[in-house]
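Contents: one structure, followed by commentary.
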Amino acid sequence: MSAIDLFSSFRLGALDLPNRIVMAPMTRNRAGPGNAPTPLNATYYAQRVGAGLIVSEASQVSPQGLGYPGTPGIHSEAQIAGWQLVTEAVHAAGGRIFLQLWHVGRISHPSLQPDGALPVAPSAIAPVGQAWTLDGMKPYVTPRALDTAELPGIVAQFRQGAANAKAAGFDGVEVHAANGYLLDQFLRDKTNRRTDRYGGSAENRARLLIEVTEAVAGVWSGERVGVHLSPTNPFNDIADSDPEQTFATAVRALDRLGVSYLHLVEPDPIEPAPSLPSPASGAGKTMTPLDAAFFRPLWRGTLIANKGYDLARANAVLQRGAADLVSFATLFIANPDLPERLRRSGPFNAAERKTFYGGSAAGYTDYPPLGT
Ligand SMILES: Cc1cc2nc3c(=O)[nH]c(=O)nc-3n(C[C@H](O)[C@H](O)[C@H](O)COP(=O)(O)O)c2cc1C
């Protein structure tokens, strides 16, 4: 029997994947009017169907969940119709695609919110930094803390988003609980200072994520639901005093729900996140790296590893058994046929950063495949 590598097939819940290469979710800010996907977006995703699985860019589940110009939503009829263009193009080309369900929480601005309202968050703590608005960069405002009675409404937004994703023809959904957005803001104690049953202990801080994931798995079966976590990513001014305890608790609770996969943003392989030492490791000592190997014993389902992978590191993490699949983000921007390039060990096009977020076909659908 040959060793497992990126090109081995894999059974992910209800889906047969031809390889273990996942296209990671990537915001590209190129939705059309009404934040609905367009034929250009369909072309972009169809170009990348060599991935065993594509996870779409984050898609807001409600107008309140919006935090940037031009990100697609999954809450209106026009958005569902736009996403249908994408799922049909991906399926016609032989691919599989999940939608990433998103609520930005405090990473927004009144000018992007319905009726100019304040963005919402677990607690009224402003992020350090600036919001990207339709009128350029503006300082973040102090968000409004959600009332306990409003939280079933947040769960309902995700539930409806999941139902809309089904109507749009996706193969499943991924709950975005990473990168400093609403569900991550509830998880981590720098942003969650609540005193109700959604704050305080790690169990309480994981409660909203668990309720959202349960609701989403009630719409799809659990085998078509994944969850995205980034325990050590400081992006969007977020942190936790004990990420090991917080995320071990959250992952154990998610594991009990029996959903399909955990998609993990690991510490940066070049610059591991400077997290606080955990109580167990003692002051001044390096904390346990919260990587795929750390979570593996806590998680019975599929584990997708992410962050800075290349061919050699990806095959190594699969062969160690720490992960089942590996996702690639930046490499997929510039290399629509990334799986084939990995198979041949390159060459790889370089990604142009200035066209990552917003714009047209340039830097989006015009990266050349091999042999052109
Ligand atoms: C342009 C860009 C947009 C991104 N948008 C999202 C997103 O919408 N949702 C998400 O969970 N992560 C997003 N990420 C993070 C990636 O999914 C991934 O975690 C990160 O880029 C590390 O993977 P890599 O080293 O293969 O690039 C984005 C990354 C990039 C470069």
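Letters for chains follow the order of the structure tokens (A, B, ...), residue numbers begin at 1 for each chain, and ligand numbers begin at 1 in the order shown.
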Write as a ChimeraX atom specification the residues around ligand 1, taking 10 Å as the cut-off and counting only C-alpha atoms and all ligand atoms. /A:22-29,55-60,71,100-102,174-181,227-230,233,235,263-269,305-310,326-333,351,353-358
Could you give me, as an MDAnalysis selection string, each residue of segment 96-328 of chain A that DSSP assigns to helix (DSSP H, G or I) when run on this structure's backbone? chainID A and resid 110:112 114:116 148:167 182:187 202:219 222:224 243:257 292:298 311:319
Got a sec to tell me which of segment 307-372 of chain A DSSP assigns to strand (DSSP E or B), as a list in words?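 Strand (DSSP E or B) assignments inside segment 307-372 of chain A correspond to Leu325, Val326, Ser327 and Phe328 of chain A.
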Could you check how far atom CA of Leu12 of chain A sits from atom CA of Ser260 of chain A, in Å to one decimal?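 Rounded to one decimal, the two atoms are 7.1 Å apart.
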Test item: residues at most 8 Å from Tyr367 of chain A, only C-alpha atoms, excluding those fewer than 6 positions along its chain, as a ChimeraX atom specification: /A:334-336,349
File dump, residues just selected, N, CA and C atoms, as a compact mmCIF listing (two decimals), in the first residue's frame:
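Okay, this is what ended up in result_23.txt:
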```txt
# COMPACT_ATOMS: atom_id res chain seq x y z
N ALA A 334 -3.02 32.53 -6.80
CA ALA A 334 -2.19 32.72 -8.00
C ALA A 334 -2.09 31.48 -8.88
N ASN A 335 -2.55 30.36 -8.36
CA ASN A 335 -2.39 29.10 -9.10
C ASN A 335 -3.73 28.37 -9.17
N PRO A 336 -4.54 28.70 -10.18
CA PRO A 336 -5.87 28.07 -10.27
C PRO A 336 -5.77 26.54 -10.35
N ASN A 349 3.00 30.31 -9.76
CA ASN A 349 2.89 31.76 -9.98
C ASN A 349 2.95 32.46 -8.62
```
Kindly give the distance, in Å, that separates atom CA of Ser76 of chain A and atom CA of Val259 of chain A, rounded to a single decimal.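 Atom CA of Ser76 of chain A sits 26.4 Å away from atom CA of Val259 of chain A.
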Counting only C-alpha atoms, which residue out of A:Glu203, A:Asp184, A:Asp242, A:Asp171 sits closest to Val225 of chain A?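 Smallest separation from Val225 of chain A among the options: A:Asp171.
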Between A:Asp255, A:Glu223, A:Asp337, A:Glu77, which one has atoms that come closest to Leu15 of chain A, using only C-alpha atoms?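 Using only C-alpha atoms, Leu15 of chain A sits closest to A:Glu223.
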Could you check the closest approach to Ser8 of chain A for each of A:Gly52, A:Gly222, A:Val251, A:Gly346 and tell me which residue wins, using only C-alpha atoms?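 Of the candidates, the smallest distance to Ser8 of chain A is held by A:Gly52.
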Let me make sure I understand: among A:Ser9, A:Ser123, A:Gln64, A:Thr87, which one has the smallest atom-to-atom distance to His103 of chain A if we use only C-alpha atoms?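 For His103 of chain A, the nearest of the given residues is A:Gln64.
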Point out the residue among A:Phe10, A:Thr43, A:Ala156, A:Ala316 with the least atom-to-atom distance to Leu85 of chain A, counting only C-alpha atoms. A:Thr43
So which one's closest to Arg320 of chain A, A:Glu271, A:Asp5, A:Arg20, A:Thr213? Using only C-alpha atoms, please. A:Asp5
Spatial neighbours of Val120 of chain A, max dist 9 Å, only C-alpha atoms, sep filter under 4 positions, as JSON, numbers by chain: {"A": [64, 65, 104, 105, 106, 107, 108, 124, 142, 143, 144, 145, 146, 182]}
Write out as a ChimeraX atom specification which residues come within 8 Å of Leu208 of chain A when counting only C-alpha atoms, dropping same-chain ones fewer than 5 positions away. /A:151,155,183,186,198
For atom CA of Arg197 of chain A and atom CA of Glu211 of chain A, determine how far apart the two atoms are, in Å to one decimal place. 12.4 Å
Quick one: residues within 7 Å of segment 159-168 of chain A, only C-alpha atoms counted, chain neighbours fewer than 2 positions away excluded, as a PyMOL selection string? chain A and resi 61+74-75+80-81+83-84+99+101+155-157+170+173+215-216+219
Once you have the residues from the selection above, write them out as a compact mmCIF listing (two decimals), in the first residue's frame, restricted to all heavy atoms.
```
# COMPACT_ATOMS: atom_id res chain seq x y z
N VAL A 61 -24.21 36.23 7.03
CA VAL A 61 -25.51 35.57 7.18
C VAL A 61 -26.64 36.58 7.33
O VAL A 61 -27.82 36.19 7.34
CB VAL A 61 -25.52 34.59 8.37
CG1 VAL A 61 -24.65 33.38 8.09
CG2 VAL A 61 -25.11 35.28 9.67
N ILE A 74 -25.42 35.72 2.15
CA ILE A 74 -26.25 34.52 1.93
C ILE A 74 -27.58 34.72 2.67
O ILE A 74 -28.10 33.82 3.32
CB ILE A 74 -25.48 33.22 2.32
CG1 ILE A 74 -26.23 31.95 1.92
CG2 ILE A 74 -25.06 33.21 3.79
CD1 ILE A 74 -26.34 31.70 0.45
N HIS A 75 -28.12 35.96 2.52
CA HIS A 75 -29.38 36.26 3.23
C HIS A 75 -30.47 36.80 2.31
O HIS A 75 -31.58 37.02 2.78
CB HIS A 75 -29.13 37.22 4.40
CG HIS A 75 -28.42 38.49 4.01
ND1 HIS A 75 -29.07 39.58 3.48
CD2 HIS A 75 -27.10 38.82 4.04
CE1 HIS A 75 -28.19 40.53 3.23
NE2 HIS A 75 -26.97 40.09 3.56
N ILE A 80 -28.74 34.29 -3.13
CA ILE A 80 -28.91 32.85 -3.36
C ILE A 80 -28.80 32.57 -4.86
O ILE A 80 -28.09 31.64 -5.29
CB ILE A 80 -30.28 32.36 -2.81
CG1 ILE A 80 -30.32 32.51 -1.28
CG2 ILE A 80 -30.54 30.91 -3.22
CD1 ILE A 80 -31.69 32.27 -0.66
N ALA A 81 -29.43 33.41 -5.67
CA ALA A 81 -29.37 33.21 -7.14
C ALA A 81 -27.93 33.38 -7.63
O ALA A 81 -27.46 32.64 -8.51
CB ALA A 81 -30.30 34.20 -7.83
N TRP A 83 -25.16 32.84 -5.90
CA TRP A 83 -24.38 31.65 -5.49
C TRP A 83 -24.73 30.44 -6.34
O TRP A 83 -23.89 29.55 -6.54
CB TRP A 83 -24.60 31.36 -4.00
CG TRP A 83 -23.76 32.18 -3.07
CD1 TRP A 83 -24.19 33.04 -2.11
CD2 TRP A 83 -22.32 32.23 -3.01
NE1 TRP A 83 -23.12 33.60 -1.45
CE2 TRP A 83 -21.97 33.12 -1.98
CE3 TRP A 83 -21.30 31.59 -3.74
CZ2 TRP A 83 -20.64 33.40 -1.65
CZ3 TRP A 83 -19.97 31.87 -3.41
CH2 TRP A 83 -19.65 32.75 -2.38
N GLN A 84 -25.99 30.39 -6.83
CA GLN A 84 -26.35 29.26 -7.72
C GLN A 84 -25.47 29.25 -8.96
O GLN A 84 -25.09 28.18 -9.45
CB GLN A 84 -27.82 29.35 -8.12
CG GLN A 84 -28.72 28.58 -7.16
CD GLN A 84 -30.19 28.98 -7.26
OE1 GLN A 84 -30.54 29.91 -7.99
NE2 GLN A 84 -31.03 28.29 -6.50
N LEU A 99 -20.00 26.44 1.58
CA LEU A 99 -20.09 27.88 1.83
C LEU A 99 -19.63 28.18 3.25
O LEU A 99 -20.02 27.49 4.19
CB LEU A 99 -21.54 28.37 1.68
CG LEU A 99 -21.68 29.87 1.98
CD1 LEU A 99 -21.62 30.67 0.69
CD2 LEU A 99 -22.95 30.20 2.74
N LEU A 101 -20.06 30.37 6.44
CA LEU A 101 -21.08 31.22 7.07
C LEU A 101 -20.41 32.18 8.05
O LEU A 101 -19.69 31.74 8.95
CB LEU A 101 -22.09 30.35 7.83
CG LEU A 101 -22.90 29.35 7.01
CD1 LEU A 101 -23.58 28.34 7.93
CD2 LEU A 101 -23.94 30.09 6.16
N VAL A 155 -28.28 33.00 16.43
CA VAL A 155 -28.33 31.58 16.02
C VAL A 155 -29.26 31.44 14.81
O VAL A 155 -28.93 30.74 13.84
CB VAL A 155 -28.82 30.70 17.20
CG1 VAL A 155 -29.01 29.25 16.76
CG2 VAL A 155 -27.84 30.79 18.37
N ALA A 156 -30.38 32.15 14.85
CA ALA A 156 -31.35 32.06 13.75
C ALA A 156 -30.75 32.60 12.44
O ALA A 156 -31.04 32.08 11.36
CB ALA A 156 -32.62 32.83 14.10
N GLN A 157 -29.90 33.62 12.54
CA GLN A 157 -29.26 34.15 11.31
C GLN A 157 -28.39 33.06 10.67
O GLN A 157 -28.40 32.87 9.46
CB GLN A 157 -28.38 35.35 11.65
CG GLN A 157 -29.14 36.61 12.05
CD GLN A 157 -28.21 37.75 12.44
OE1 GLN A 157 -27.03 37.76 12.10
NE2 GLN A 157 -28.75 38.74 13.15
N PHE A 170 -25.05 24.38 -2.56
CA PHE A 170 -23.74 23.99 -2.00
C PHE A 170 -23.75 22.53 -1.56
O PHE A 170 -24.81 21.92 -1.40
CB PHE A 170 -23.38 24.91 -0.82
CG PHE A 170 -22.89 26.25 -1.27
CD1 PHE A 170 -23.77 27.32 -1.40
CD2 PHE A 170 -21.56 26.44 -1.59
CE1 PHE A 170 -23.32 28.56 -1.85
CE2 PHE A 170 -21.10 27.67 -2.04
CZ PHE A 170 -21.98 28.73 -2.17
N VAL A 173 -21.62 23.32 4.49
CA VAL A 173 -21.27 24.64 5.01
C VAL A 173 -20.18 24.54 6.07
O VAL A 173 -20.04 23.52 6.75
CB VAL A 173 -22.50 25.37 5.63
CG1 VAL A 173 -23.47 25.83 4.57
CG2 VAL A 173 -23.19 24.51 6.67
N ALA A 215 -27.51 24.34 15.35
CA ALA A 215 -28.59 24.83 14.49
C ALA A 215 -28.27 24.54 13.02
O ALA A 215 -29.12 24.09 12.25
CB ALA A 215 -28.80 26.32 14.71
N VAL A 216 -27.03 24.78 12.64
CA VAL A 216 -26.61 24.56 11.25
C VAL A 216 -26.66 23.07 10.91
O VAL A 216 -27.10 22.67 9.82
CB VAL A 216 -25.19 25.17 11.05
CG1 VAL A 216 -24.56 24.70 9.76
CG2 VAL A 216 -25.27 26.69 11.10
N VAL A 219 -29.98 21.82 9.94
CA VAL A 219 -30.42 22.13 8.57
C VAL A 219 -29.76 21.16 7.58
O VAL A 219 -30.41 20.57 6.73
CB VAL A 219 -30.03 23.59 8.20
CG1 VAL A 219 -30.34 23.86 6.74
CG2 VAL A 219 -30.73 24.57 9.11
```
Which residues of segment 191-305 of chain A come within 9 Å of segment 125-132 of chain A, and what is each one's closest atom pair and distance in Å (one decimal), counting only C-alpha atoms, sorted by chain and residue number, as CSV?
```
residue,atom,partner,partner_atom,distance
A:Thr191,CA,A:Ile125,CA,6.6
A:Asn192,CA,A:Ile125,CA,8.7
A:Asn236,CA,A:Pro127,CA,7.0
A:Asp237,CA,A:Pro127,CA,5.8
A:Ile238,CA,A:Pro127,CA,8.1
```
